[in-house]
Every structure is written in C-alpha cells, then in structure tokens.
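Have a look at the structure below before the remarks.
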Amino acid sequence: MTLTSDQPAVRTDRTPGRVRSELLAAGTWSARHGVARVAMKRARKQGDLQAQLFSDPAVRADPFPLYARIRERGPVVKGSFLAATASHAVAGATLRSDAFGVVSDPEALPPLARWLMTRPNRTIGPVTPPSMLAVDPPDHTRYRRLVSKVFTARAMAAMRGRVGDLADELLDRAERESRADRARGGAPVDLVSRYASLLPVTIIAEILGVPTEMRSTFIAWGGTAAPVLDIGLSYREYRRVDRAIRELNEWMAGHFTRLRRDPGDDLLSQLVRAEHELTETELLAIAGLLLAAGFETTVNLIGNGAALLLKHPDQLADLRADPAGWGNAVEEILRYESPVQNTARRALRDTEVAGVRVRENTFLSVLIGGANRDPEVFDDPDRFDVHRANAREHLAFSSGVHYCLGAALARIEGEEALRRLFERYPNLAAAGTPRRRPTRTLRGYDELPVRLG
C-alpha cells in the first residue's frame with residue numbers, strides 16, 4: 001500500500017522499545033483504520049453512498065437525507081466498501097439473527113490483524129475483544145450474565161428517586177453558577193457540561209463503585225475516546241483516542257487493586273470477587289465498557305432531547321400540560337435523533353434476512369438512524385412528534401443479544417433529566433449556536449448554550 005499523508009511515519013531515532021511500540025501502534029491503526037480510510041476515500045470518489053456517510057462532513061452533520069437515498073435503492077445496498085441497510089425490517093432482523101456476528105470478532109480477521117487485536121499489553125477498548133461489544137456468544141453470554149442482574153428493569157426502576165434527586169441537585173448548582181456568571185457578565189450556561197453529562201456519569205459511577213469526584217476525568221476520557229466507535233480515523237486521532245483509553249485502563253487496574261483490599265457492595269466489587277470467572281483483561285474490558293457506555297449515549301439523549309424540545313415549543317407545552325407523556329417523548333427523541341447512529345455485523349454463513357439473500361462474510365452496516373426513520377414503520381418519519389403512538393418501535397438500543405444492557409436506566413435518566421429541567425425553567429431558551437460532536441457513530445452535542453430564564 002502506498003504511504004499517504006494519513007499514514008504514520010515511524011521515527012528511528014528512538015530507543016528500541018519506543019520504536020517497537022510505535023510500530024505496533026502503526027500496525028494496529030493500519031489494520032483497524034488505515035486500510036478502511038484509503039478504501040473509503042477511493043469509494044467516495046466513485047460516488048459510493050456509504051463512503052459519503054463515513055467521510056463527508058456535511059453528511060455527518062445531517063445524515064438523514066443520505067439514509068433515505070440508501071433506503072430508496074433497496075433493503076440491502078451493496079457498495080464498493082461494504083453493504084448497508086436503512087430498512088427497519090432488515091436492520092431489526094439482522095441484529096436479532098444468529099446468522100450474523102460482530103465485526104470485531106478476532107476469528108473474522110486476517111492472521112496479522114488478529115494478532116494485533118489480541119496481543120498482550122494492548123489497549124483494552126470498547127470495540128476490541130474481549131469487550132461485550134466485540135464478542136459473540138458464548139463469551140458474550142458469560143460476560144453479560146455476570147452484570148445483567150444489576151441492570152434489570154426492576155432494579156433500575158428503584159433508581160428513579162436517586163436520578164430525580166440528583167437532577168435537582170445539579171440544577172440547583174447550575175442556577176447558582178449561572179447567577180455568579182451573570183454577576184460577572186459571563187456567558188450562557190452550557191447544558192452539556194453542567195447538566196447532561198454530569199447526571200449519567202454520576203449515576204453510573206455510583207452503580208459501579210468508582211469515586212464520583214472522578215467524574216470530570218471520566219467525562220474527559222469518554223469525550224476523547226468517543227471516536228473509537230468510528231472507522232477510518234486519522235493516525236493522529238487514533239493515537240489521541242488510544243492514549244485516553246490506555247489511561248482509563250491504567251486507572252481501572254489500580255482501582256481493582258484497591259477493591260481487592262477493601263471491597264464494597266457495588267458492581268465492580270462483585271466482579272473483582274468473581275475473578276475465578278474472569279481474567280484481568282476481561283475484567284478491564286467489562287468495567288471500561290460499563291463506565292463509558294453508562295454515560296456516553298445518555299449524554300446525547302439528554303442533549304438531543306433538550307435541543308429538540310426548544311425547537312418545538314408547542315410539543316413542550318403539551319408535555320407541561322400532561323407530564324404523563326414524558327416517557328413517550330423520550331422514545332420519540334431516541335427514534336428521531338438516535339444517540340447511536342450505526343453499528344455493523346458480519347454474515348457468519350449464507351443467509352436470508354427479511355427476504356434478502358446475504359452471502360457469508362458480507363459486512364453489513366446497520367444504519368440505526370436510518371431504520372428509525374423508515375416510512376414503512378413510522379408515518380411522516382422526518383417529523384418530530386412526542387405523541388407518536390409507535391415511537392417505541394425504534395432500534396436505538398439495538399436488538400437481539402447485543403440489546404443495550406442499560407436501556408431501562410437510560411430511559412429513566414432521559415425522562416427525569418428533561419422533565420425536571422423544563423419544569424424548573426419554563427423560560428429556558430437557546431442562547432447561541434450549538435456545537436455537534438464530530439463523531440459519526442455517536443450523535444449528540446459537545447456544547448448546548450442556553451439561558452435558564
């Protein structure tokens with residue numbers, strides 16, 4: 001492959017250990033992102049729609065028209081890089097089918113890439129084995145069994161009171177800080193940094209048993225590492241993401257040592273006590289994923305919901321008049337602006353999904369954001385409607401064995417956070433231009449400036 005400006009140049013004026021480390025980093029980047037980056041650029045020049053989705057900044061800002069174009073071409077659209085579906089029927093069937101597996105499964109990779117992804121001392125991230133996002137049954141079943149009892153619908157319903165109390169505490173603090181800012185002639189309140197991110201990261205920290213005073217650090221790590229879910233990262237961005245995940249790995253390893261000396265009743269203490277069932281690498285993978293997934297997508301849900309309701313004051317008025325509608329409003333937010341826009345699967349054998357033949361080893365991009373606006377399922381799908389009767393039919397939390405473990409908690413956090421925000425501040429108003437996250441897989445806001453009123 002010809003060296004391009006995207007590819008790393010390894011410096012040889014370093015110690016042998018440093019050179020080896022950089023060679024490994026360059027090889028891992030090439031296997032996970034470099035080859036895909038070159039292929040996507042070539043495919044985009046050839047007019048490939050999926051490649052536009054991954055590499056065009058304008059499409060990243062508003063992907064929904066492109067989803068519609070892909071859907072219009074058929075239930076499964078083959079591209080020069082990979083196949084894609086924006087069909088709700090095909091997406092749902094694919095996610096539920098045992099004929100498909102996660103793309104990150106090491107068995108699906110060439111030998112060199114497999115070794116790079118599974119070598120000792122590698123960074124343990126959310127899309128590399130043995131993360132639950134990156135393995136299929138039976139390993140996925142074993143990991144999920146160890147943590148699922150903490151995230152049952154009943155257990156999460158019992159958390160509603162704590163979520164509501166925390167929302168009130170954070171709004172109290174945001175109001176105090178806003179008054180101080182106004183006294184100094186300061187800027188509007190950023191709803192993301194002062195509220196939407198703090199609520200879910202505090203809750204998941206309490207569930208896992210990690211110090212809540214670390215929440216700003218966790219948010220920083222999560223924000224830096226969020227592009228790891230995308231493909232085709234530049235080498236510079238990959239290294240930045242990798243450093244953030246490695247720092248989290250190192251902190252978690254130290255935290256496990258502390259928990260072995262002084263365990264509590266939290267989930268991580270339970271996992272540490274189950275060491276006969278988990279390797280240290282598996283423990284790191286589960287803990288890191290639970291922490292990151294426990295707040296990253298919910299931040300987007302709360303931010304997206306606030307922005308949408310500010311743009312639709314008539315629907316916000318309906319919710320104020322009938323607070324019983326907040327649950328369905330959250331479902332519509334999840335459908336209309338899905339926090340996770342896409343995932344991918346690999347056909348494990350020749351199969352048929354929703355009447356479409358798919359050959360073994362076909363890589364299928366499941367466009368969740370597109371499936372959630374499929375007119376075959378949702379009337380007038382590009383209209384935001386908190387009264388939509390079938391809003392809950394969305395696929396925002398995936399489906400099948402990889403259905404989001406924290407879906408019940410995310411729904412409660414979204415409902416309590418948004419209801420209490422708009423009840424507390426009936427005159428809440430946008431106060432500047434929101435800034436979208438630069439990620440493609442995760443859709444949300446980095447900044448959402450508002451006036452509390």
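Chain identifiers are assigned as A, B, and so on, following the order in which chains appear in the structure tokens; residues are numbered from 1 within each chain, and ligands are numbered from 1 in order of appearance.
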
For this session: Excluding stretch 168-178 of chain A and residues on its chain fewer than 2 positions from it, collect all residues at most 10 Å away from it, counting only C-alpha atoms, and give them as a ChimeraX atom specification.
Result: /A:162-166,180-184,186-191,194-196,198-199,416-417,420-421,424-425,451-453

Please report, as a tab-separated table, each residue of stretch 67-145 of chain A lying at most 10 Å from stretch 356-377 of chain A, together with the nearest pair of atoms and the separation in Å rounded to one decimal; use only C-alpha atoms, and order rows by chain and ascending residue number.
```
residue	atom	partner	partner_atom	distance
A:Tyr67	CA	A:Gly370	CA	5.0
A:Ala68	CA	A:Gly370	CA	6.9
A:Arg69	CA	A:Gly370	CA	9.9
A:Ile70	CA	A:Gly370	CA	8.8
A:Arg71	CA	A:Gly370	CA	7.9
A:Gly74	CA	A:Val356	CA	9.7
A:Pro75	CA	A:Val356	CA	7.5
A:Val76	CA	A:Val356	CA	7.3
A:Val77	CA	A:Leu364	CA	9.1
A:Lys78	CA	A:Leu364	CA	8.7
A:Gly79	CA	A:Leu364	CA	10.0
A:Phe81	CA	A:Phe363	CA	9.0
A:Leu82	CA	A:Phe363	CA	5.7
A:Ala83	CA	A:Leu364	CA	4.8
A:Ala84	CA	A:Ser365	CA	4.4
A:Thr85	CA	A:Val366	CA	5.4
A:Ala86	CA	A:Gly370	CA	4.7
A:Ser87	CA	A:Ala371	CA	5.0
A:His88	CA	A:Ala371	CA	4.2
A:Ala89	CA	A:Ala371	CA	7.9
A:Val90	CA	A:Val356	CA	8.1
A:Ala91	CA	A:Val366	CA	5.7
A:Gly92	CA	A:Ala371	CA	8.5
A:Thr94	CA	A:Val366	CA	8.1
A:Leu95	CA	A:Val366	CA	8.3
A:Ala99	CA	A:Glu360	CA	9.0
A:Phe100	CA	A:Glu360	CA	9.1
A:Gly101	CA	A:Phe363	CA	9.7
A:Val102	CA	A:Phe363	CA	9.5
A:Val103	CA	A:Phe363	CA	7.4
A:Ala108	CA	A:Asn361	CA	8.2
```

For this session: Excluding A:Arg243 and any residue of its chain fewer than 4 positions from it, enumerate the residues within 10 Å of it, using only C-alpha atoms, and give them as a PyMOL selection string.
Result: chain A and resi 123+221+224-225+237-239+247-249

Write out the residues from the selection above, keeping C-alpha atoms, as a tab-separated table (two decimals), in the first residue's frame.
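Output (selection_28.tsv):
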```
chain	number	residue	atom	x	y	z
A	123	THR	CA	-5.16	-1.20	24.88
A	221	TRP	CA	-11.73	10.36	28.91
A	224	THR	CA	-11.68	11.94	23.87
A	225	ALA	CA	-12.27	8.23	23.34
A	237	GLU	CA	-6.81	10.95	16.12
A	238	TYR	CA	-6.33	7.24	16.68
A	239	ARG	CA	-3.30	7.91	18.90
A	247	GLU	CA	-5.17	5.99	30.80
A	248	LEU	CA	-8.60	4.63	31.76
A	249	ASN	CA	-7.21	1.05	31.65
```

For this session: Write down as a ChimeraX atom specification the residues of stretch 6-102 of chain A whose backbone DSSP state falls under helix (DSSP H, G or I).
Result: /A:16-45,49-55,57-61,64-73,88-96

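Using only C-alpha atoms for every distance, the candidate list A:Ala157, A:Val150, A:Leu208, A:Val135 yields A:Leu208 as the residue closest to A:Ala287.
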
Using only C-alpha atoms, what does the table of stretch 308-341 of chain A residues within 9 Å of stretch 295-304 of chain A look like, with each row giving the shortest atom pair and its distance in Å to one decimal, sorted by chain and ascending number, as a Markdown table?
```
| residue | atom | partner | partner_atom | distance |
| --- | --- | --- | --- | --- |
| A:Leu308 | CA | A:Asn304 | CA | 6.1 |
| A:Leu309 | CA | A:Asn304 | CA | 8.6 |
| A:Val330 | CA | A:Leu301 | CA | 8.2 |
| A:Ile333 | CA | A:Asn304 | CA | 7.2 |
| A:Leu334 | CA | A:Leu301 | CA | 6.8 |
| A:Glu337 | CA | A:Asn304 | CA | 6.7 |
| A:Ser338 | CA | A:Leu301 | CA | 7.6 |
| A:Pro339 | CA | A:Asn300 | CA | 5.5 |
| A:Val340 | CA | A:Thr297 | CA | 7.0 |
```

Would you write out those residues with N, CA and C atoms, as a PDB file, in the first residue's frame?
```pdb
ATOM      1  N   LEU A 308     -34.245  19.486  20.792  1.00  0.00           N
ATOM      2  CA  LEU A 308     -35.469  19.253  20.020  1.00  0.00           C
ATOM      3  C   LEU A 308     -36.681  19.945  20.647  1.00  0.00           C
ATOM      4  N   LEU A 309     -36.790  19.863  21.952  1.00  0.00           N
ATOM      5  CA  LEU A 309     -37.953  20.473  22.604  1.00  0.00           C
ATOM      6  C   LEU A 309     -37.886  21.997  22.575  1.00  0.00           C
ATOM      7  N   VAL A 330     -39.463  10.636  25.365  1.00  0.00           N
ATOM      8  CA  VAL A 330     -38.103  10.106  25.335  1.00  0.00           C
ATOM      9  C   VAL A 330     -37.957   9.062  24.221  1.00  0.00           C
ATOM     10  N   ILE A 333     -37.575  10.936  21.016  1.00  0.00           N
ATOM     11  CA  ILE A 333     -36.227  11.519  20.908  1.00  0.00           C
ATOM     12  C   ILE A 333     -35.235  10.445  20.476  1.00  0.00           C
ATOM     13  N   LEU A 334     -35.332   9.271  21.090  1.00  0.00           N
ATOM     14  CA  LEU A 334     -34.449   8.160  20.725  1.00  0.00           C
ATOM     15  C   LEU A 334     -34.634   7.750  19.264  1.00  0.00           C
ATOM     16  N   GLU A 337     -33.544  11.237  16.877  1.00  0.00           N
ATOM     17  CA  GLU A 337     -32.116  11.583  16.937  1.00  0.00           C
ATOM     18  C   GLU A 337     -31.399  10.481  17.711  1.00  0.00           C
ATOM     19  N   SER A 338     -31.272   9.319  17.128  1.00  0.00           N
ATOM     20  CA  SER A 338     -30.698   8.172  17.831  1.00  0.00           C
ATOM     21  C   SER A 338     -29.274   8.485  18.303  1.00  0.00           C
ATOM     22  N   PRO A 339     -28.998   8.331  19.597  1.00  0.00           N
ATOM     23  CA  PRO A 339     -27.646   8.616  20.100  1.00  0.00           C
ATOM     24  C   PRO A 339     -26.569   7.759  19.435  1.00  0.00           C
ATOM     25  N   VAL A 340     -26.914   6.523  19.079  1.00  0.00           N
ATOM     26  CA  VAL A 340     -26.009   5.667  18.304  1.00  0.00           C
ATOM     27  C   VAL A 340     -26.618   5.515  16.919  1.00  0.00           C
TER      28      VAL A 340
END
```

Exercise. Hey, which of A:Leu448, A:Met156, A:Val401, A:Ala43 ends up closest to A:Leu310? Count only C-alpha atoms.
Worked result: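 Once distances to A:Leu310 are computed over only C-alpha atoms, the minimum belongs to A:Leu448.
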